[in-house]
file protein-v3.cif (mmCIF, C-alpha atoms)
data_final
#
loop_
_atom_site.label_atom_id
_atom_site.label_comp_id
_atom_site.auth_asym_id
_atom_site.auth_seq_id
_atom_site.Cartn_x
_atom_site.Cartn_y
_atom_site.Cartn_z
CA MET J 1 0.00 0.00 0.00
CA ASP J 2 1.26 3.44 -0.91
CA ILE J 3 0.07 6.60 0.81
CA ALA J 4 0.51 9.94 -0.97
CA SER J 5 -0.25 12.90 1.27
CA ARG J 6 -1.23 16.42 0.26
CA GLN J 7 -3.00 19.34 1.84
CA ASP J 8 -6.13 21.09 0.50
CA GLY J 9 -6.65 24.05 2.83
CA SER J 10 -6.94 22.52 6.28
CA ILE J 11 -7.85 19.09 4.88
CA ARG J 12 -5.21 16.37 4.80
CA ILE J 13 -5.80 14.17 1.76
CA LEU J 14 -4.32 10.70 1.62
CA LYS J 15 -4.39 8.98 -1.76
CA LEU J 16 -4.19 5.27 -1.07
CA THR J 17 -2.93 2.88 -3.74
CA GLY J 18 -2.62 -0.90 -3.68
CA ARG J 19 -4.01 -3.76 -1.65
CA LEU J 20 -5.01 -3.80 2.00
CA ASP J 21 -4.27 -7.39 2.98
CA GLN J 22 -2.35 -9.70 5.32
CA ALA J 23 0.97 -8.61 3.88
CA SER J 24 0.35 -4.86 3.95
CA ALA J 25 -2.13 -4.01 6.74
CA ASP J 26 0.34 -3.61 9.63
CA ASN J 27 2.66 -1.29 7.70
CA PHE J 28 -0.32 0.63 6.39
CA HIS J 29 -1.61 1.17 9.93
CA LYS J 30 1.83 2.36 11.08
CA ALA J 31 2.04 4.80 8.17
CA LEU J 32 -1.49 6.03 8.86
CA ILE J 33 -0.98 6.75 12.57
CA PRO J 34 0.85 10.11 12.23
CA HIS J 35 -2.00 11.34 10.02
CA LEU J 36 -4.58 10.03 12.48
CA ASP J 37 -2.71 11.76 15.32
CA ASP J 38 -3.09 15.06 13.45
CA CYS J 39 -6.81 14.50 12.90
CA SER J 40 -8.31 16.15 15.99
CA ALA J 41 -10.83 18.90 16.78
CA THR J 42 -8.09 21.51 16.30
CA GLY J 43 -6.06 19.64 13.69
CA ASN J 44 -6.54 18.52 10.10
CA PRO J 45 -9.74 16.89 8.87
CA LEU J 46 -8.72 13.72 7.02
CA LEU J 47 -9.90 12.54 3.60
CA LEU J 48 -9.00 9.00 2.60
CA ASP J 49 -9.12 8.67 -1.19
CA PHE J 50 -9.67 4.97 -1.92
CA SER J 51 -9.73 5.25 -5.72
CA GLY J 52 -6.47 3.29 -5.97
CA VAL J 53 -7.41 0.54 -3.52
CA GLU J 54 -8.28 -2.55 -5.55
CA TYR J 55 -8.55 -5.14 -2.75
CA ILE J 56 -9.42 -5.19 0.94
CA SER J 57 -9.81 -8.06 3.40
CA SER J 58 -10.78 -8.26 7.07
CA VAL J 59 -7.34 -7.09 8.25
CA GLY J 60 -7.93 -3.94 6.21
CA LEU J 61 -11.34 -3.48 7.81
CA ARG J 62 -9.69 -3.94 11.21
CA VAL J 63 -7.26 -1.07 10.50
CA MET J 64 -10.14 1.12 9.36
CA ILE J 65 -12.15 0.44 12.54
CA LEU J 66 -9.11 1.24 14.69
CA ALA J 67 -8.62 4.46 12.70
CA ALA J 68 -12.25 5.49 13.17
CA LYS J 69 -12.08 4.85 16.92
CA GLN J 70 -8.87 6.89 17.29
CA VAL J 71 -10.28 9.85 15.36
CA LYS J 72 -13.52 9.76 17.32
CA VAL J 73 -11.67 9.90 20.66
CA GLN J 74 -9.77 12.96 19.36
CA ASN J 75 -13.00 14.61 18.12
CA GLY J 76 -11.52 14.67 14.62
CA LYS J 77 -13.34 14.51 11.32
CA VAL J 78 -12.64 11.87 8.69
CA ALA J 79 -14.24 10.95 5.37
CA ILE J 80 -13.72 8.29 2.73
CA ALA J 81 -14.19 8.92 -0.99
CA ASN J 82 -13.99 7.11 -4.32
CA LEU J 83 -14.40 3.46 -3.30
CA THR J 84 -13.86 1.02 -6.15
CA PRO J 85 -16.90 -1.26 -6.73
CA ILE J 86 -15.30 -4.32 -5.12
CA VAL J 87 -14.13 -2.44 -2.02
CA ALA J 88 -17.51 -0.66 -1.82
CA GLU J 89 -19.22 -4.05 -1.62
CA VAL J 90 -16.97 -5.17 1.26
CA PHE J 91 -17.74 -1.90 3.06
CA GLN J 92 -21.43 -2.52 2.46
CA ILE J 93 -21.27 -6.06 3.89
CA GLY J 94 -19.68 -4.67 7.06
CA ARG J 95 -22.05 -1.64 7.10
CA PHE J 96 -19.06 0.68 7.16
CA ASN J 97 -21.35 3.57 6.31
CA LEU J 98 -22.22 3.40 10.04
CA VAL J 99 -18.54 3.81 10.93
CA PHE J 100 -17.41 6.36 8.33
CA GLN J 101 -18.83 9.13 6.24
CA VAL J 102 -18.43 7.56 2.79
CA PHE J 103 -18.79 9.68 -0.37
CA GLN J 104 -18.93 8.68 -4.00
CA ASN J 105 -16.71 11.52 -5.05
CA TYR J 106 -13.96 13.76 -3.80
CA ASP J 107 -15.91 17.06 -3.95
CA ASP J 108 -18.74 15.82 -1.71
CA ALA J 109 -16.21 14.57 0.82
CA VAL J 110 -14.38 17.92 0.84
CA ARG J 111 -17.69 19.75 1.27
CA PHE J 112 -18.52 17.58 4.30
CA LEU J 113 -15.09 18.09 5.86
CA ASN J 114 -15.26 21.87 5.36
CA GLN J 115 -18.63 22.17 7.12
CA MET Q 1 -16.92 -26.53 -21.62
CA MET Q 2 -14.17 -25.94 -19.11
CA PRO Q 3 -12.02 -29.03 -18.47
CA GLN Q 4 -11.30 -29.74 -14.83
CA LYS Q 5 -8.35 -27.67 -13.71
CA THR Q 6 -6.40 -27.96 -10.51
CA LEU Q 7 -3.85 -25.79 -8.71
CA LYS Q 8 -1.92 -27.29 -5.79
CA LEU Q 9 0.33 -25.30 -3.49
CA ASP Q 10 2.52 -26.29 -0.54
CA LEU Q 11 3.13 -23.17 1.54
CA ARG Q 12 5.06 -21.91 4.53
CA ALA Q 13 2.74 -20.50 7.19
CA SER Q 14 3.61 -16.82 6.71
CA PRO Q 15 1.46 -13.87 5.56
CA GLU Q 16 3.84 -13.21 2.66
CA GLU Q 17 3.60 -16.79 1.40
CA LEU Q 18 -0.18 -16.71 1.85
CA MET Q 19 -0.46 -13.58 -0.29
CA ARG Q 20 1.78 -15.20 -2.90
CA SER Q 21 -0.78 -18.01 -3.11
CA VAL Q 22 -3.59 -15.45 -3.38
CA ALA Q 23 -1.75 -13.83 -6.31
CA LEU Q 24 -1.40 -17.25 -7.98
CA LEU Q 25 -5.13 -17.82 -7.54
CA GLU Q 26 -5.78 -14.43 -9.10
CA SER Q 27 -3.65 -15.39 -12.12
CA PHE Q 28 -5.51 -18.72 -12.34
CA GLY Q 29 -8.81 -16.82 -12.39
CA ARG Q 30 -7.57 -14.47 -15.09
CA GLU Q 31 -6.26 -17.32 -17.25
CA ASN Q 32 -9.63 -19.06 -16.97
CA GLN Q 33 -11.58 -15.83 -17.58
CA PHE Q 34 -13.46 -15.78 -14.28
CA ASP Q 35 -15.26 -12.49 -13.78
CA GLU Q 36 -13.67 -9.94 -11.46
CA LYS Q 37 -16.10 -10.36 -8.58
CA LEU Q 38 -15.88 -14.14 -8.65
CA THR Q 39 -12.09 -13.98 -8.60
CA PHE Q 40 -12.14 -11.44 -5.76
CA GLY Q 41 -14.38 -13.69 -3.65
CA LEU Q 42 -12.07 -16.66 -4.14
CA MET Q 43 -9.00 -14.58 -3.29
CA LEU Q 44 -10.70 -13.22 -0.18
CA ALA Q 45 -11.77 -16.70 0.96
CA LEU Q 46 -8.23 -18.03 0.55
CA GLU Q 47 -6.69 -15.07 2.37
CA GLU Q 48 -9.14 -15.11 5.28
CA CYS Q 49 -9.00 -18.86 5.86
CA GLY Q 50 -5.26 -19.07 5.23
CA ALA Q 51 -4.81 -16.32 7.82
CA ASN Q 52 -6.74 -18.47 10.32
CA VAL Q 53 -4.30 -21.31 9.68
CA ILE Q 54 -1.29 -19.03 10.23
CA HIS Q 55 -2.56 -17.13 13.26
CA HIS Q 56 -4.84 -19.67 15.00
CA ALA Q 57 -3.96 -23.26 14.00
CA TYR Q 58 -0.20 -22.55 13.93
CA GLN Q 59 -0.08 -19.60 16.37
CA ASP Q 60 2.24 -17.62 14.05
CA ARG Q 61 4.98 -20.22 13.59
CA PRO Q 62 6.20 -19.53 10.03
CA GLN Q 63 8.30 -22.71 9.86
CA GLU Q 64 5.06 -24.73 9.69
CA ARG Q 65 3.47 -25.62 6.35
CA PHE Q 66 -0.01 -25.92 4.90
CA CYS Q 67 -1.49 -27.05 1.59
CA VAL Q 68 -3.98 -25.34 -0.69
CA ARG Q 69 -5.78 -27.12 -3.49
CA PHE Q 70 -7.93 -25.22 -5.92
CA GLU Q 71 -10.16 -27.02 -8.39
CA ALA Q 72 -12.32 -25.56 -11.16
CA THR Q 73 -14.99 -27.47 -13.04
CA ASP Q 74 -17.98 -26.32 -15.09
CA GLU Q 75 -20.21 -26.58 -12.04
CA GLN Q 76 -18.16 -25.30 -9.15
CA LEU Q 77 -14.93 -23.84 -7.84
CA THR Q 78 -13.44 -25.47 -4.76
CA ILE Q 79 -10.72 -24.29 -2.38
CA GLU Q 80 -9.42 -26.87 0.11
CA ILE Q 81 -6.95 -25.90 2.84
CA ARG Q 82 -5.15 -28.53 4.95
CA ASP Q 83 -2.88 -27.94 7.92
CA THR Q 84 -1.53 -29.98 10.81
CA GLY Q 85 -1.94 -27.29 13.46
CA SER Q 86 -4.15 -27.21 16.53
CA PRO Q 87 -7.80 -27.95 15.83
CA PHE Q 88 -9.45 -24.77 14.60
CA ASP Q 89 -12.94 -24.57 13.12
CA PRO Q 90 -13.52 -21.16 11.49
CA THR Q 91 -17.16 -22.03 10.81
CA ALA Q 92 -17.78 -22.02 14.59
CA ALA Q 93 -16.72 -18.37 14.89
CA ARG Q 94 -19.29 -15.91 16.18
CA LEU Q 95 -20.67 -13.65 13.45
CA GLU Q 96 -20.38 -9.93 13.99
CA ASN Q 97 -23.55 -7.87 13.89
CA PRO Q 98 -22.91 -5.29 11.16
CA ASP Q 99 -25.66 -3.02 12.47
CA ILE Q 100 -24.08 -2.67 15.90
CA ASP Q 101 -23.23 0.82 17.18
CA PRO Q 102 -19.79 1.73 15.73
CA ASP Q 103 -18.44 2.42 19.23
CA ASP Q 104 -19.21 -1.15 20.27
CA ARG Q 105 -17.58 -2.84 17.28
CA ALA Q 106 -14.66 -5.16 17.82
CA PRO Q 107 -11.91 -4.40 15.30
CA GLY Q 108 -11.60 -8.05 14.22
CA GLY Q 109 -13.92 -10.91 13.41
CA TRP Q 110 -15.02 -9.90 9.93
CA GLY Q 111 -13.13 -12.59 8.04
CA ILE Q 112 -15.56 -15.49 8.23
CA GLN Q 113 -18.45 -13.08 7.64
CA LEU Q 114 -16.91 -11.98 4.34
CA VAL Q 115 -16.13 -15.57 3.32
CA ARG Q 116 -19.74 -16.59 3.93
CA ARG Q 117 -20.92 -13.82 1.64
CA TYR Q 118 -18.67 -14.82 -1.24
CA MET Q 119 -18.69 -18.65 -1.00
CA ASP Q 120 -21.72 -20.98 -1.12
CA ASP Q 121 -20.50 -23.79 1.16
CA ILE Q 122 -17.87 -23.81 3.90
CA VAL Q 123 -17.27 -27.17 5.57
CA TYR Q 124 -14.69 -27.90 8.26
CA ARG Q 125 -13.58 -31.31 9.45
CA ARG Q 126 -10.76 -32.68 11.58
CA ASP Q 127 -9.13 -35.54 9.67
CA GLY Q 128 -6.58 -37.33 11.87
CA ASN Q 129 -4.08 -34.63 12.78
CA GLU Q 130 -5.27 -32.28 10.03
CA ASN Q 131 -7.66 -29.38 9.84
CA VAL Q 132 -9.45 -29.62 6.49
CA LEU Q 133 -11.49 -26.69 5.26
CA ARG Q 134 -13.41 -27.02 2.01
CA MET Q 135 -15.06 -24.00 0.43
CA VAL Q 136 -17.23 -24.18 -2.67
CA LYS Q 137 -18.54 -21.54 -5.04
CA ARG Q 138 -21.14 -22.82 -7.47
CA VAL Q 139 -20.55 -21.23 -10.84
CA ALA Q 140 -24.24 -20.88 -11.64
CA ASN Q 141 -24.51 -18.51 -8.66
CA SER Q 142 -21.40 -16.53 -9.44
CA SER Q 143 -23.27 -13.48 -10.67
CA THR Q 144 -25.22 -13.04 -7.42
#
call {"tool": "encode", "arguments": {"input": "protein-v3.cif", "output": "structure tokens"}}
result
Amino acid sequence: MDIASRQDGSIRILKLTGRLDQASADNFHKALIPHLDDCSATGNPLLLDFSGVEYISSVGLRVMILAAKQVKVQNGKVAIANLTPIVAEVFQIGRFNLVFQVFQNYDDAVRFLNQ
Amino acid sequence: MMPQKTLKLDLRASPEELMRSVALLESFGRENQFDEKLTFGLMLALEECGANVIHHAYQDRPQERFCVRFEATDEQLTIEIRDTGSPFDPTAARLENPDIDPDDRAPGGWGIQLVRRYMDDIVYRRDGNENVLRMVKRVANSST
């Protein structure tokens, strides 16, 4: 998994590329933590762009749940955008729309995070 | 008509080796022109149940080994996983409630839930000193 980070105003945007699986999930979580640490009530809202994520398994869902819990404790704001159809189906099976604000496109996610 | 095709792998019990087998299964699916969703479901089933072998049956001992056999016929696609670790029945795992309040969710436990959604049958048996897990996807149902 690759993470490319950029800033759009106060919003931290992470473009994720690759597969979230047994071989990559731990390193992905470690790389995500500094960005999660910055995602607080006074810090950067976080947008996770999933357009480059072609595969996710339960270890990937585990990382995402841990991320959501950390951000919630910090009163941060996080959104997910651009799920590929296969990853969107896995999110749907796990009802991840109850855990994250999930948007079909980047602009809607940015609008939510800027509110 | 698709002739019967088989893929057999003898693997070390490590996440890297498991994902190598998942990549081989993906190539097998592409060569046999399985649709993307069908291939994804098979890959996911192999990863989730292989991970159970590594982390539960073998308790993260990468020197151990397990076998994967994949068989494709016109009627069905079968993944069989055999290991000689401690008895572990993934079909007995408690299913998570996806509608639970997000604050009350456990981070783990989604693997078997996903496998059940993508495979039609999942049967576990203890055969001597082996765990044997057999998962079947019927091709006629592959579009659902």
call {"tool": "closest_residue", "arguments": {"input": "protein-v3.cif", "among": "Q:Asp74, Q:Asp83, Q:Glu47, Q:Glu130", "to": "chain J", "atoms": "only C-alpha atoms"}}
result
Q:Glu47
call {"tool": "interface_residues", "arguments": {"input": "protein-v3.cif", "of": "chain Q", "to": "chain J", "cutoff": "10 Å", "atoms": "only C-alpha atoms", "output": "PyMOL selection string"}}
result
chain Q and resi 14-20+36-37+40-41+43-45+47-48+50-51+96-115+117
call {"tool": "atom_distance", "arguments": {"input": "protein-v3.cif", "atom1": "CA of Asn52 (chain Q)", "atom2": "CA of Ala140 (chain Q)"}}
result
28.2 Å
call {"tool": "residues_near_point", "arguments": {"input": "protein-v3.cif", "point": "(-9.2, -33.8, 10.5)", "cutoff": "12 Å", "atoms": "only C-alpha atoms", "output": "PyMOL selection string"}}
result
chain Q and resi 81-89+123-134
call {"tool": "closest_residue", "arguments": {"input": "protein-v3.cif", "among": "J:Val53, J:Val73, J:Leu83, J:Leu113", "to": "Thr17 (chain J)", "atoms": "all atoms listed in the file"}}
result
J:Val53
call {"tool": "axis_aligned_box", "arguments": {"input": "protein-v3.cif", "around": "region 87-98 of chain J", "padding_each_side": "4 Å", "output": "lines of an AutoDock Vina configuration file"}}
result
center_x = -18.2
center_y = -1.2
center_z = 4.0
size_x = 16.1
size_y = 17.6
size_z = 20.1
call {"tool": "residues_around", "arguments": {"input": "protein-v3.cif", "residues": "Asp120 (chain Q)", "least_positions_apart": "6", "cutoff": "7 Å", "atoms": "all atoms listed in the file", "output": "number ranges by chain"}}
result
Q: 136-138
call {"tool": "residues_around", "arguments": {"input": "protein-v3.cif", "residues": "Arg6 (chain J)", "least_positions_apart": "6", "cutoff": "12 Å", "atoms": "only C-alpha atoms", "output": "ChimeraX atom specification"}}
result
/J:12-16,35,44,46-49
call {"tool": "write_last_selection", "arguments": {"input": "protein-v3.cif", "atoms": "C-alpha atoms", "output": "JSON list (two decimals), keeping the file's coordinate frame"}}
result
[["chain", "number", "residue", "atom", "x", "y", "z"],
["J", 12, "ARG", "CA", -5.21, 16.37, 4.80],
["J", 13, "ILE", "CA", -5.80, 14.17, 1.76],
["J", 14, "LEU", "CA", -4.32, 10.70, 1.62],
["J", 15, "LYS", "CA", -4.39, 8.98, -1.76],
["J", 16, "LEU", "CA", -4.19, 5.27, -1.07],
["J", 35, "HIS", "CA", -2.00, 11.34, 10.02],
["J", 44, "ASN", "CA", -6.54, 18.52, 10.10],
["J", 46, "LEU", "CA", -8.72, 13.72, 7.02],
["J", 47, "LEU", "CA", -9.90, 12.54, 3.60],
["J", 48, "LEU", "CA", -9.00, 9.00, 2.60],
["J", 49, "ASP", "CA", -9.12, 8.67, -1.19]]
